[in-house]
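Before any comments, here is the structure.
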Amino acid sequence: MIPLDTLPPFFADKQEVVAEILSRYPDYGRRSAVMPLLWEVQRAERHISDARIAEIADIVGMRATEVKGVMSFYSTYHDNPIGKFHLQVCATISCSLAGSDSMYDWLVNELGIVNGETDRDGYFSLQKVECVGSCTTGPVLQVNDTYYELVSRSRLEELIRALRTGVMPEPWPARSGDKAGLSEEPAA
Amino acid sequence: MNATDTQTSDRIVSRKDPRYEVVLYKHVGVDGAWTLDYYRRHGGYEAARKALLEMTPDGVVDEMKASGLRGRGGAGFPTGVKWSFMPKNTGKQHFIVCNADESEPGSCKDRYLLEDDPHQLIEGMLIGGYAIGATIGVLYIRGEYYLALKRLENAIREAREHGILGKGVMGSDFDFDIILHRGAGAYICGEETALMNSFEGRRANPRLKPPFPAGAGVYGLPTTINNVTTLASAVHIIARGADWYNTYGTDDSRGIHHVELSGPFNRRGVFEVPMGITYREVIYDLGQGPSEPAKAFIPGGTSCPPFPFTDEFLDTPMEYSSVAKKGSMLGTGGIILIPQSKCIVDTMYNITRFYAHESCGKCTPCREGVATWMPRIFQKLLAGIGTPDDVALLEDLAGGLRGTAFCPLADSCIVPVLTSLKYWRDEYDYLAHHGRPMYPTQDRWQA
């Protein structure tokens, strides 16, 4: 592990990214950039360390504790590294009624990790999350930023097999209701 | 009630009405509907052009008032009235904020609009921004909606390249652009003042009201905040007129809403419906009925107290006043069916756990009551070591907490729990007396 004080700065060679993010907001709203900057770090490093918090604080002109306060408020910024594939199981009522409790138990058995843990290789991590807005197509498993909906046991087995080979499959189609085009096809 | 019943006869209150057509969801589910080219080929941005070039901002607000549209984010505040609260000639920057932080359990109607028809929302924000004198729109989208985020980024880029966003929108003298801001997973950001704090880079605690957003919103500047579906509705109201919009719904609740059917339905899904449609039609025609005997349904997302699955409630029309009279809310239209075989205590624990997780911790009743003690009592009962005193304690605690919290989050948990105690007390008592639920846990996962 690299000691904190020798960790190369994250944003030093990303001044264009920083400038683009800051340019989205009015001058008086500079601190609005804190969430997008946190996202940049989270995506690249799979967690947000105190060193990065300090960097972001410098950029937006906040104290590090304030940035930490913002970061810790949200479910999708992480203190500790999540895996290459971060598996998020929606546990809220609609998905629960579609079997997400059993789906979670299956993942615990299969991967040997529980809610909030990352495996030894940093490959899989597991998180129980609250409603992600896939209520009519539950149970849903969100892998990194991708939704896999209508996840049956056999589909999940297949998905985990694919992820183990490093492949993220295209999500299968999962829509019903008016969005499935039950209404008349719009005239071209 | 009677007056409403008699005056709805000429209005569309059923999907079976031959005049009924799908409006907001017309292009949802169509491959490529998210491109500017597709949107323009289907009449896109004509409503904004009409508003900007042919109408005054006050004219737009008046049309919205006449439409009777009420906010589709759940609270149901009249949109036109909200827009009219914005101060005039302040010389300050005004903001229109789109609340795309859809996170009420049971709700996903906004997600499909965001993913498949992002230009419809941009057009709605343009119209709203013009009406309230806002040249900046803030689109706050929940962090999990990544596909929607990418589609919106692309749509905003397309709109800028074609003069739909930027200086002098579509040849008018109105400037408008949109800041797309990604959340990071917090239900409370759906509360308007919490959303504004989050956008400003602060912890998303709700703010004291007043001041209301129209006076001091984003960065302390005049702000109006609307839900995705509300803004998308504005496009059609401006394009086709308030009178057309008024052909849908009832006197009390006009226009178009959506239902999201989850739980053991024969057909789950998101459907567009006219206001005033009955829950029976929604559940039996659109949802094709329960796939197993049903005990209850939640009418509009988990913050709306559950209804027993009986004729009285099934025949209730989807309108604000009728649902309120029965003790619940129209909400977001997220209808969750609870089967007879699902323990109601377990169901309410799941919902309580959600609000406990999402409590921001700012105020004591919510932090200590909803986020700490209520889930603990549920856990004790469900572990089989509860007593009848615990049921009484839960009822006492919830009753005492009601109406005491800083923002509506706590009551969103408390009132449904109290309602469940009213209708299904027998299940709580059974669990407390026997140490096991009346309806044991089942494996509901499809092989």
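So you can find residues: chains in the structure tokens are A, B, ... in the order shown, residues in each start at 1, and ligands are numbered from 1 in order.
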
Identify all residues of stretch 140-312 of chain B in alpha helix (DSSP H) (DSSP on the backbone) and supply them as an mmCIF file with N, CA and C atoms, in the first residue's frame.
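And here's out_14.cif as it stands now:
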data_model
loop_
_atom_site.group_PDB
_atom_site.id
_atom_site.type_symbol
_atom_site.label_atom_id
_atom_site.label_comp_id
_atom_site.auth_asym_id
_atom_site.auth_seq_id
_atom_site.Cartn_x
_atom_site.Cartn_y
_atom_site.Cartn_z
ATOM 1 N N TYR B 146 -28.661 5.617 -14.391
ATOM 2 C CA TYR B 146 -27.491 5.887 -15.218
ATOM 3 C C TYR B 146 -27.844 5.925 -16.704
ATOM 4 N N LEU B 147 -28.679 4.987 -17.135
ATOM 5 C CA LEU B 147 -29.088 4.996 -18.552
ATOM 6 C C LEU B 147 -29.799 6.303 -18.874
ATOM 7 N N ALA B 148 -30.687 6.707 -17.989
ATOM 8 C CA ALA B 148 -31.399 7.975 -18.189
ATOM 9 C C ALA B 148 -30.422 9.150 -18.207
ATOM 10 N N LEU B 149 -29.423 9.098 -17.329
ATOM 11 C CA LEU B 149 -28.423 10.168 -17.279
ATOM 12 C C LEU B 149 -27.715 10.295 -18.624
ATOM 13 N N LYS B 150 -27.318 9.171 -19.184
ATOM 14 C CA LYS B 150 -26.602 9.186 -20.466
ATOM 15 C C LYS B 150 -27.506 9.687 -21.590
ATOM 16 N N ARG B 151 -28.759 9.248 -21.578
ATOM 17 C CA ARG B 151 -29.698 9.700 -22.615
ATOM 18 C C ARG B 151 -29.964 11.203 -22.481
ATOM 19 N N LEU B 152 -30.053 11.671 -21.243
ATOM 20 C CA LEU B 152 -30.299 13.103 -21.026
ATOM 21 C C LEU B 152 -29.090 13.932 -21.434
ATOM 22 N N GLU B 153 -27.888 13.446 -21.103
ATOM 23 C CA GLU B 153 -26.673 14.162 -21.521
ATOM 24 C C GLU B 153 -26.673 14.344 -23.032
ATOM 25 N N ASN B 154 -27.001 13.251 -23.706
ATOM 26 C CA ASN B 154 -27.017 13.295 -25.158
ATOM 27 C C ASN B 154 -28.108 14.229 -25.688
ATOM 28 N N ALA B 155 -29.290 14.146 -25.077
ATOM 29 C CA ALA B 155 -30.409 14.975 -25.525
ATOM 30 C C ALA B 155 -30.106 16.459 -25.312
ATOM 31 N N ILE B 156 -29.474 16.789 -24.178
ATOM 32 C CA ILE B 156 -29.144 18.188 -23.899
ATOM 33 C C ILE B 156 -28.109 18.679 -24.922
ATOM 34 N N ARG B 157 -27.134 17.810 -25.221
ATOM 35 C CA ARG B 157 -26.126 18.179 -26.233
ATOM 36 C C ARG B 157 -26.804 18.436 -27.584
ATOM 37 N N GLU B 158 -27.693 17.531 -27.983
ATOM 38 C CA GLU B 158 -28.410 17.709 -29.257
ATOM 39 C C GLU B 158 -29.194 19.019 -29.270
ATOM 40 N N ALA B 159 -29.873 19.273 -28.151
ATOM 41 C CA ALA B 159 -30.706 20.483 -28.080
ATOM 42 C C ALA B 159 -29.840 21.744 -28.184
ATOM 43 N N ARG B 160 -28.674 21.713 -27.563
ATOM 44 C CA ARG B 160 -27.775 22.875 -27.658
ATOM 45 C C ARG B 160 -27.299 23.072 -29.085
ATOM 46 N N GLU B 161 -26.968 21.973 -29.747
ATOM 47 C CA GLU B 161 -26.458 22.061 -31.122
ATOM 48 C C GLU B 161 -27.509 22.581 -32.091
ATOM 49 N N GLU B 192 -38.277 18.793 -1.672
ATOM 50 C CA GLU B 192 -37.740 19.868 -2.514
ATOM 51 C C GLU B 192 -36.598 20.649 -1.877
ATOM 52 N N THR B 193 -36.693 20.948 -0.588
ATOM 53 C CA THR B 193 -35.627 21.751 0.010
ATOM 54 C C THR B 193 -34.371 20.915 0.261
ATOM 55 N N ALA B 194 -34.559 19.613 0.505
ATOM 56 C CA ALA B 194 -33.405 18.728 0.644
ATOM 57 C C ALA B 194 -32.687 18.604 -0.694
ATOM 58 N N LEU B 195 -33.485 18.509 -1.760
ATOM 59 C CA LEU B 195 -32.905 18.445 -3.099
ATOM 60 C C LEU B 195 -32.053 19.683 -3.382
ATOM 61 N N MET B 196 -32.557 20.833 -2.984
ATOM 62 C CA MET B 196 -31.810 22.064 -3.252
ATOM 63 C C MET B 196 -30.506 22.103 -2.455
ATOM 64 N N ASN B 197 -30.549 21.648 -1.209
ATOM 65 C CA ASN B 197 -29.315 21.550 -0.427
ATOM 66 C C ASN B 197 -28.332 20.596 -1.083
ATOM 67 N N SER B 198 -28.851 19.463 -1.549
ATOM 68 C CA SER B 198 -27.988 18.481 -2.198
ATOM 69 C C SER B 198 -27.344 19.084 -3.437
ATOM 70 N N PHE B 199 -28.130 19.769 -4.236
ATOM 71 C CA PHE B 199 -27.608 20.399 -5.452
ATOM 72 C C PHE B 199 -26.519 21.421 -5.121
ATOM 73 N N VAL B 228 -40.962 15.292 -12.853
ATOM 74 C CA VAL B 228 -40.758 14.955 -14.274
ATOM 75 C C VAL B 228 -42.079 14.871 -15.043
ATOM 76 N N THR B 229 -43.007 14.100 -14.495
ATOM 77 C CA THR B 229 -44.273 13.889 -15.195
ATOM 78 C C THR B 229 -45.078 15.189 -15.274
ATOM 79 N N THR B 230 -44.976 16.001 -14.249
ATOM 80 C CA THR B 230 -45.659 17.296 -14.254
ATOM 81 C C THR B 230 -45.153 18.146 -15.417
ATOM 82 N N LEU B 231 -43.839 18.241 -15.560
ATOM 83 C CA LEU B 231 -43.266 19.065 -16.627
ATOM 84 C C LEU B 231 -43.572 18.482 -18.004
ATOM 85 N N ALA B 232 -43.545 17.158 -18.104
ATOM 86 C CA ALA B 232 -43.884 16.534 -19.386
ATOM 87 C C ALA B 232 -45.349 16.802 -19.727
ATOM 88 N N SER B 233 -46.214 16.867 -18.702
ATOM 89 C CA SER B 233 -47.633 17.161 -18.939
ATOM 90 C C SER B 233 -47.802 18.562 -19.514
ATOM 91 N N ALA B 234 -46.953 19.488 -19.071
ATOM 92 C CA ALA B 234 -47.064 20.874 -19.534
ATOM 93 C C ALA B 234 -46.915 20.968 -21.052
ATOM 94 N N VAL B 235 -46.083 20.098 -21.625
ATOM 95 C CA VAL B 235 -45.879 20.108 -23.078
ATOM 96 C C VAL B 235 -47.215 19.921 -23.793
ATOM 97 N N HIS B 236 -47.987 18.953 -23.315
ATOM 98 C CA HIS B 236 -49.237 18.614 -24.007
ATOM 99 C C HIS B 236 -50.343 19.606 -23.691
ATOM 100 N N ILE B 237 -50.293 20.168 -22.490
ATOM 101 C CA ILE B 237 -51.284 21.180 -22.126
ATOM 102 C C ILE B 237 -51.093 22.424 -23.002
ATOM 103 N N ILE B 238 -49.845 22.814 -23.218
ATOM 104 C CA ILE B 238 -49.591 23.981 -24.065
ATOM 105 C C ILE B 238 -49.879 23.651 -25.536
ATOM 106 N N ALA B 239 -49.514 22.455 -25.965
ATOM 107 C CA ALA B 239 -49.732 22.095 -27.368
ATOM 108 C C ALA B 239 -51.215 22.001 -27.707
ATOM 109 N N ARG B 240 -51.992 21.423 -26.807
ATOM 110 C CA ARG B 240 -53.388 21.105 -27.156
ATOM 111 C C ARG B 240 -54.405 21.885 -26.340
ATOM 112 N N ALA B 242 -55.732 23.740 -22.394
ATOM 113 C CA ALA B 242 -56.280 23.291 -21.120
ATOM 114 C C ALA B 242 -57.619 22.577 -21.304
ATOM 115 N N ASP B 243 -58.403 23.028 -22.273
ATOM 116 C CA ASP B 243 -59.722 22.405 -22.483
ATOM 117 C C ASP B 243 -59.580 20.941 -22.876
ATOM 118 N N TRP B 244 -58.610 20.685 -23.742
ATOM 119 C CA TRP B 244 -58.354 19.296 -24.123
ATOM 120 C C TRP B 244 -57.939 18.472 -22.902
ATOM 121 N N TYR B 245 -57.027 19.035 -22.092
ATOM 122 C CA TYR B 245 -56.553 18.297 -20.917
ATOM 123 C C TYR B 245 -57.716 17.995 -19.987
ATOM 124 N N TYR B 279 -59.697 1.900 -8.976
ATOM 125 C CA TYR B 279 -58.628 0.935 -8.705
ATOM 126 C C TYR B 279 -59.009 -0.438 -9.244
ATOM 127 N N ARG B 280 -60.320 -0.711 -9.282
ATOM 128 C CA ARG B 280 -60.751 -2.005 -9.804
ATOM 129 C C ARG B 280 -60.353 -2.153 -11.270
ATOM 130 N N GLU B 281 -60.613 -1.096 -12.052
ATOM 131 C CA GLU B 281 -60.250 -1.195 -13.470
ATOM 132 C C GLU B 281 -58.732 -1.331 -13.630
ATOM 133 N N ASP B 311 -64.241 -4.519 -1.958
ATOM 134 C CA ASP B 311 -65.005 -3.759 -2.950
ATOM 135 C C ASP B 311 -64.990 -2.259 -2.668
ATOM 136 N N GLU B 312 -65.136 -1.929 -1.387
ATOM 137 C CA GLU B 312 -65.209 -0.516 -1.023
ATOM 138 C C GLU B 312 -63.994 0.254 -1.557
#

Per residue of chain A within 7 Å of chain B, note the shortest atom pair and the distance in Å to one decimal, counting only C-alpha atoms, and order the rows by chain and increasing residue number, as CSV.
residue,atom,partner,partner_atom,distance
A:Arg24,CA,B:Ile179,CA,6.3
A:Gly29,CA,B:Glu200,CA,6.7
A:Arg31,CA,B:Gly201,CA,5.3
A:Ser32,CA,B:Gly201,CA,4.5
A:Ala33,CA,B:Gly201,CA,6.9
A:Val34,CA,B:Gly201,CA,5.6
A:Met35,CA,B:Gly201,CA,6.5
A:Gly69,CA,B:Arg203,CA,6.6
A:Val70,CA,B:Arg203,CA,4.9
A:Phe73,CA,B:Arg203,CA,6.3
A:Tyr74,CA,B:Gly185,CA,5.4
A:Ser75,CA,B:Gly185,CA,5.1
A:Thr76,CA,B:Ala184,CA,5.4
A:Thr92,CA,B:Asn350,CA,6.4
A:Ile93,CA,B:Asn350,CA,6.1
A:Ser94,CA,B:Gly263,CA,5.7
A:Leu97,CA,B:Gly263,CA,5.6
A:Ala98,CA,B:Arg444,CA,5.8
A:Gly99,CA,B:Trp445,CA,3.8
A:Ser100,CA,B:Trp445,CA,6.8
A:Ser102,CA,B:Trp445,CA,6.2
A:Met103,CA,B:Trp445,CA,6.9
A:Glu130,CA,B:Phe354,CA,6.4
A:Cys131,CA,B:Pro105,CA,5.4
A:Val132,CA,B:Glu144,CA,6.6
A:Gly133,CA,B:Cys108,CA,4.8
A:Ser134,CA,B:Cys108,CA,6.2
A:Cys135,CA,B:Gly106,CA,5.3
A:Thr136,CA,B:Ser262,CA,4.7
A:Asp145,CA,B:Tyr146,CA,5.9
A:Ser152,CA,B:Gln446,CA,5.0
A:Arg153,CA,B:Ala447,CA,4.8
A:Ser154,CA,B:Ala447,CA,6.1
A:Ser176,CA,B:Gly269,CA,4.7
A:Gly177,CA,B:Gly269,CA,4.2
A:Asp178,CA,B:Phe271,CA,5.0
A:Lys179,CA,B:Gly29,CA,4.5
A:Ala180,CA,B:Gly29,CA,5.3
A:Gly181,CA,B:Gly29,CA,5.8
A:Ser183,CA,B:Val22,CA,6.6
A:Pro186,CA,B:His27,CA,6.8

Non-local contacts of stretch 112-120 of chain A (12 Å; only C-alpha atoms; under 5 positions in same chain excluded) as a count of residues only: 27

Atom pair atom CA of B:Ser321 / atom CA of B:Trp424: separation (Å): 24.4 Å

Near A:Arg52, counting only C-alpha atoms, which residues have an atom at most 8 Å away, once you skip same-chain residues fewer than 4 positions from it, shown as a PDB file with C-alpha atoms, in the first residue's frame?
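Writing the result to part-v5.pdb gives the following:
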ATOM      1  CA  PRO A   9      -2.884  13.471  -6.552  1.00  0.00           C
ATOM      2  CA  PHE A  10      -5.949  12.320  -8.465  1.00  0.00           C
ATOM      3  CA  VAL A  41     -13.169   9.607  -7.788  1.00  0.00           C
ATOM      4  CA  ILE A  48     -13.260   7.832  -1.846  1.00  0.00           C
ATOM      5  CA  ILE A  56     -11.947  18.001  -3.574  1.00  0.00           C
TER       6      ILE A  56
END

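Coordinates place atom CA of B:Gly137 at a distance of 14.3 Å from atom CA of B:Gln120.
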
Choose the residue, out of B:Ile188, B:Ser84, B:Pro305, B:Ser172, that has the smallest atom-to-atom separation from B:Glu54; count only C-alpha atoms. B:Ser172

Once you count only C-alpha atoms, what closest atom pair and distance in Å to one decimal does each residue of stretch 37-116 of chain A within 12 Å of stretch 11-15 of chain A have, with rows by chain and rising residue number, as a tab-separated table?
residue	atom	partner	partner_atom	distance
A:Leu37	CA	A:Phe11	CA	9.3
A:Leu38	CA	A:Phe11	CA	11.2
A:Glu40	CA	A:Phe11	CA	9.4
A:Val41	CA	A:Phe11	CA	8.9
A:Ala44	CA	A:Phe11	CA	11.2
A:Ala51	CA	A:Phe11	CA	11.2
A:Arg52	CA	A:Phe11	CA	8.7
A:Ile53	CA	A:Phe11	CA	11.3
A:Ala54	CA	A:Phe11	CA	11.2
A:Glu55	CA	A:Phe11	CA	7.6
A:Ile56	CA	A:Phe11	CA	8.6
A:Ala57	CA	A:Phe11	CA	11.9
A:Asp58	CA	A:Phe11	CA	10.8
A:Ile59	CA	A:Phe11	CA	9.3

Once you have the residues from the selection above, write them out as a CSV table (one decimal), in the first residue's frame, restricted to C-alpha atoms.
chain,number,residue,atom,x,y,z
A,37,LEU,CA,-16.1,15.5,-8.3
A,38,LEU,CA,-16.9,12.7,-5.8
A,40,GLU,CA,-15.2,11.0,-10.6
A,41,VAL,CA,-13.2,9.6,-7.8
A,44,ALA,CA,-12.0,5.6,-10.9
A,51,ALA,CA,-6.8,12.1,0.5
A,52,ARG,CA,-9.3,12.6,-2.3
A,53,ILE,CA,-11.7,14.3,0.1
A,54,ALA,CA,-8.9,16.8,0.8
A,55,GLU,CA,-8.3,17.4,-2.9
A,56,ILE,CA,-11.9,18.0,-3.6
A,57,ALA,CA,-12.2,20.4,-0.6
A,58,ASP,CA,-9.3,22.4,-2.1
A,59,ILE,CA,-11.0,22.6,-5.5

Shell around B:Cys343 at 7 Å using only C-alpha atoms, local window under 6 positions removed, as a PyMOL selection string: chain B and resi 437-440

Within 8 Å of stretch 246-250 of chain B using only C-alpha atoms, minus same-chain residues under 5 positions, as a ChimeraX atom specification: /B:4,7-8,10-13,67-68,255-256,274-277,319

If we count only C-alpha atoms, what is near stretch 398-406 of chain B at a cut-off of 9 Å, once residues fewer than 3 positions away on the same chain are taken out, given as an NGL selection string? :B and (206-208 or 362-366 or 369-370 or 374 or 393-395 or 409-411 or 413-415 or 417-418)

Could you turn the residues from that selection into a file that holds N, CA, C and O atoms, as a PDB file, in the first residue's frame?
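What ended up in again-v2.pdb:
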ATOM      1  N   PRO B 206     -33.552  18.616   4.915  1.00  0.00           N
ATOM      2  CA  PRO B 206     -34.590  19.561   4.496  1.00  0.00           C
ATOM      3  C   PRO B 206     -34.390  20.922   5.179  1.00  0.00           C
ATOM      4  O   PRO B 206     -33.794  20.992   6.267  1.00  0.00           O
ATOM      5  N   ARG B 207     -34.886  21.959   4.530  1.00  0.00           N
ATOM      6  CA  ARG B 207     -34.794  23.307   5.100  1.00  0.00           C
ATOM      7  C   ARG B 207     -36.134  23.688   5.728  1.00  0.00           C
ATOM      8  O   ARG B 207     -37.180  23.179   5.323  1.00  0.00           O
ATOM      9  N   LEU B 208     -36.049  24.616   6.667  1.00  0.00           N
ATOM     10  CA  LEU B 208     -37.268  25.151   7.275  1.00  0.00           C
ATOM     11  C   LEU B 208     -38.036  25.960   6.229  1.00  0.00           C
ATOM     12  O   LEU B 208     -37.449  26.719   5.471  1.00  0.00           O
ATOM     13  N   LYS B 362     -31.818  14.641  10.917  1.00  0.00           N
ATOM     14  CA  LYS B 362     -31.830  16.039  11.360  1.00  0.00           C
ATOM     15  C   LYS B 362     -32.705  16.240  12.602  1.00  0.00           C
ATOM     16  O   LYS B 362     -32.304  16.923  13.533  1.00  0.00           O
ATOM     17  N   CYS B 363     -33.901  15.634  12.605  1.00  0.00           N
ATOM     18  CA  CYS B 363     -34.802  15.917  13.732  1.00  0.00           C
ATOM     19  C   CYS B 363     -35.001  14.685  14.612  1.00  0.00           C
ATOM     20  O   CYS B 363     -34.958  13.549  14.148  1.00  0.00           O
ATOM     21  N   THR B 364     -35.236  14.934  15.878  1.00  0.00           N
ATOM     22  CA  THR B 364     -35.280  13.859  16.870  1.00  0.00           C
ATOM     23  C   THR B 364     -36.411  12.844  16.653  1.00  0.00           C
ATOM     24  O   THR B 364     -36.160  11.647  16.723  1.00  0.00           O
ATOM     25  N   PRO B 365     -37.650  13.281  16.388  1.00  0.00           N
ATOM     26  CA  PRO B 365     -38.709  12.265  16.251  1.00  0.00           C
ATOM     27  C   PRO B 365     -38.404  11.247  15.158  1.00  0.00           C
ATOM     28  O   PRO B 365     -38.634  10.045  15.334  1.00  0.00           O
ATOM     29  N   CYS B 366     -37.860  11.714  14.048  1.00  0.00           N
ATOM     30  CA  CYS B 366     -37.588  10.814  12.936  1.00  0.00           C
ATOM     31  C   CYS B 366     -36.351   9.968  13.231  1.00  0.00           C
ATOM     32  O   CYS B 366     -36.351   8.755  13.033  1.00  0.00           O
ATOM     33  N   GLY B 369     -37.277   7.951  16.602  1.00  0.00           N
ATOM     34  CA  GLY B 369     -38.514   7.179  16.494  1.00  0.00           C
ATOM     35  C   GLY B 369     -38.511   6.274  15.279  1.00  0.00           C
ATOM     36  O   GLY B 369     -38.483   5.048  15.396  1.00  0.00           O
ATOM     37  N   VAL B 370     -38.509   6.898  14.102  1.00  0.00           N
ATOM     38  CA  VAL B 370     -38.632   6.126  12.862  1.00  0.00           C
ATOM     39  C   VAL B 370     -37.361   5.332  12.573  1.00  0.00           C
ATOM     40  O   VAL B 370     -37.413   4.180  12.173  1.00  0.00           O
ATOM     41  N   MET B 374     -38.803   2.257  16.056  1.00  0.00           N
ATOM     42  CA  MET B 374     -39.821   1.497  15.310  1.00  0.00           C
ATOM     43  C   MET B 374     -39.245   0.229  14.685  1.00  0.00           C
ATOM     44  O   MET B 374     -39.805  -0.860  14.858  1.00  0.00           O
ATOM     45  N   LEU B 393     -46.893  -0.823  22.396  1.00  0.00           N
ATOM     46  CA  LEU B 393     -45.830   0.187  22.392  1.00  0.00           C
ATOM     47  C   LEU B 393     -45.631   0.769  20.990  1.00  0.00           C
ATOM     48  O   LEU B 393     -45.477   1.986  20.817  1.00  0.00           O
ATOM     49  N   LEU B 394     -45.670  -0.116  20.002  1.00  0.00           N
ATOM     50  CA  LEU B 394     -45.518   0.341  18.616  1.00  0.00           C
ATOM     51  C   LEU B 394     -46.627   1.333  18.259  1.00  0.00           C
ATOM     52  O   LEU B 394     -46.377   2.397  17.697  1.00  0.00           O
ATOM     53  N   GLU B 395     -47.833   0.972  18.649  1.00  0.00           N
ATOM     54  CA  GLU B 395     -48.980   1.825  18.334  1.00  0.00           C
ATOM     55  C   GLU B 395     -48.871   3.161  19.071  1.00  0.00           C
ATOM     56  O   GLU B 395     -49.115   4.227  18.505  1.00  0.00           O
ATOM     57  N   LEU B 409     -41.142  12.928   5.808  1.00  0.00           N
ATOM     58  CA  LEU B 409     -40.616  11.557   5.735  1.00  0.00           C
ATOM     59  C   LEU B 409     -41.127  10.679   6.880  1.00  0.00           C
ATOM     60  O   LEU B 409     -41.536   9.544   6.672  1.00  0.00           O
ATOM     61  N   ALA B 410     -41.119  11.217   8.087  1.00  0.00           N
ATOM     62  CA  ALA B 410     -41.505  10.397   9.240  1.00  0.00           C
ATOM     63  C   ALA B 410     -42.956   9.951   9.140  1.00  0.00           C
ATOM     64  O   ALA B 410     -43.273   8.770   9.329  1.00  0.00           O
ATOM     65  N   ASP B 411     -43.834  10.883   8.805  1.00  0.00           N
ATOM     66  CA  ASP B 411     -45.247  10.505   8.685  1.00  0.00           C
ATOM     67  C   ASP B 411     -45.472   9.519   7.544  1.00  0.00           C
ATOM     68  O   ASP B 411     -46.427   8.745   7.563  1.00  0.00           O
ATOM     69  N   CYS B 413     -43.877   7.014   7.016  1.00  0.00           N
ATOM     70  CA  CYS B 413     -43.699   5.698   7.610  1.00  0.00           C
ATOM     71  C   CYS B 413     -44.765   5.439   8.674  1.00  0.00           C
ATOM     72  O   CYS B 413     -45.366   4.371   8.732  1.00  0.00           O
ATOM     73  N   ILE B 414     -44.992   6.455   9.503  1.00  0.00           N
ATOM     74  CA  ILE B 414     -45.852   6.289  10.674  1.00  0.00           C
ATOM     75  C   ILE B 414     -47.308   6.014  10.290  1.00  0.00           C
ATOM     76  O   ILE B 414     -47.945   5.110  10.841  1.00  0.00           O
ATOM     77  N   VAL B 415     -47.837   6.781   9.355  1.00  0.00           N
ATOM     78  CA  VAL B 415     -49.264   6.659   9.046  1.00  0.00           C
ATOM     79  C   VAL B 415     -49.585   5.288   8.432  1.00  0.00           C
ATOM     80  O   VAL B 415     -50.545   4.647   8.853  1.00  0.00           O
ATOM     81  N   VAL B 417     -48.039   2.528   9.012  1.00  0.00           N
ATOM     82  CA  VAL B 417     -47.944   1.548  10.105  1.00  0.00           C
ATOM     83  C   VAL B 417     -49.209   1.602  10.967  1.00  0.00           C
ATOM     84  O   VAL B 417     -49.786   0.560  11.311  1.00  0.00           O
ATOM     85  N   LEU B 418     -49.658   2.801  11.292  1.00  0.00           N
ATOM     86  CA  LEU B 418     -50.893   2.924  12.088  1.00  0.00           C
ATOM     87  C   LEU B 418     -52.086   2.335  11.337  1.00  0.00           C
ATOM     88  O   LEU B 418     -52.944   1.678  11.931  1.00  0.00           O
TER      89      LEU B 418
END

Residue with the minimum atom-to-atom distance to A:Leu159, picked from A:Met71, A:Cys95, A:Val108, A:Gln142 with only C-alpha atoms counted, is A:Gln142

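Atom to atom, atom CA of B:Glu427 and atom CA of B:Phe309 stand 15.8 Å apart.
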
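Backbone DSSP of stretch 5-187 of chain A yields strand (DSSP E) at Phe85, His86, Leu87, Gln88, Val89, Cys90, Phe124, Ser125, Leu126, Gln127, Lys128, Val129, Leu141, Gln142, Val143, Thr146, Tyr147 and Tyr148 of chain A.
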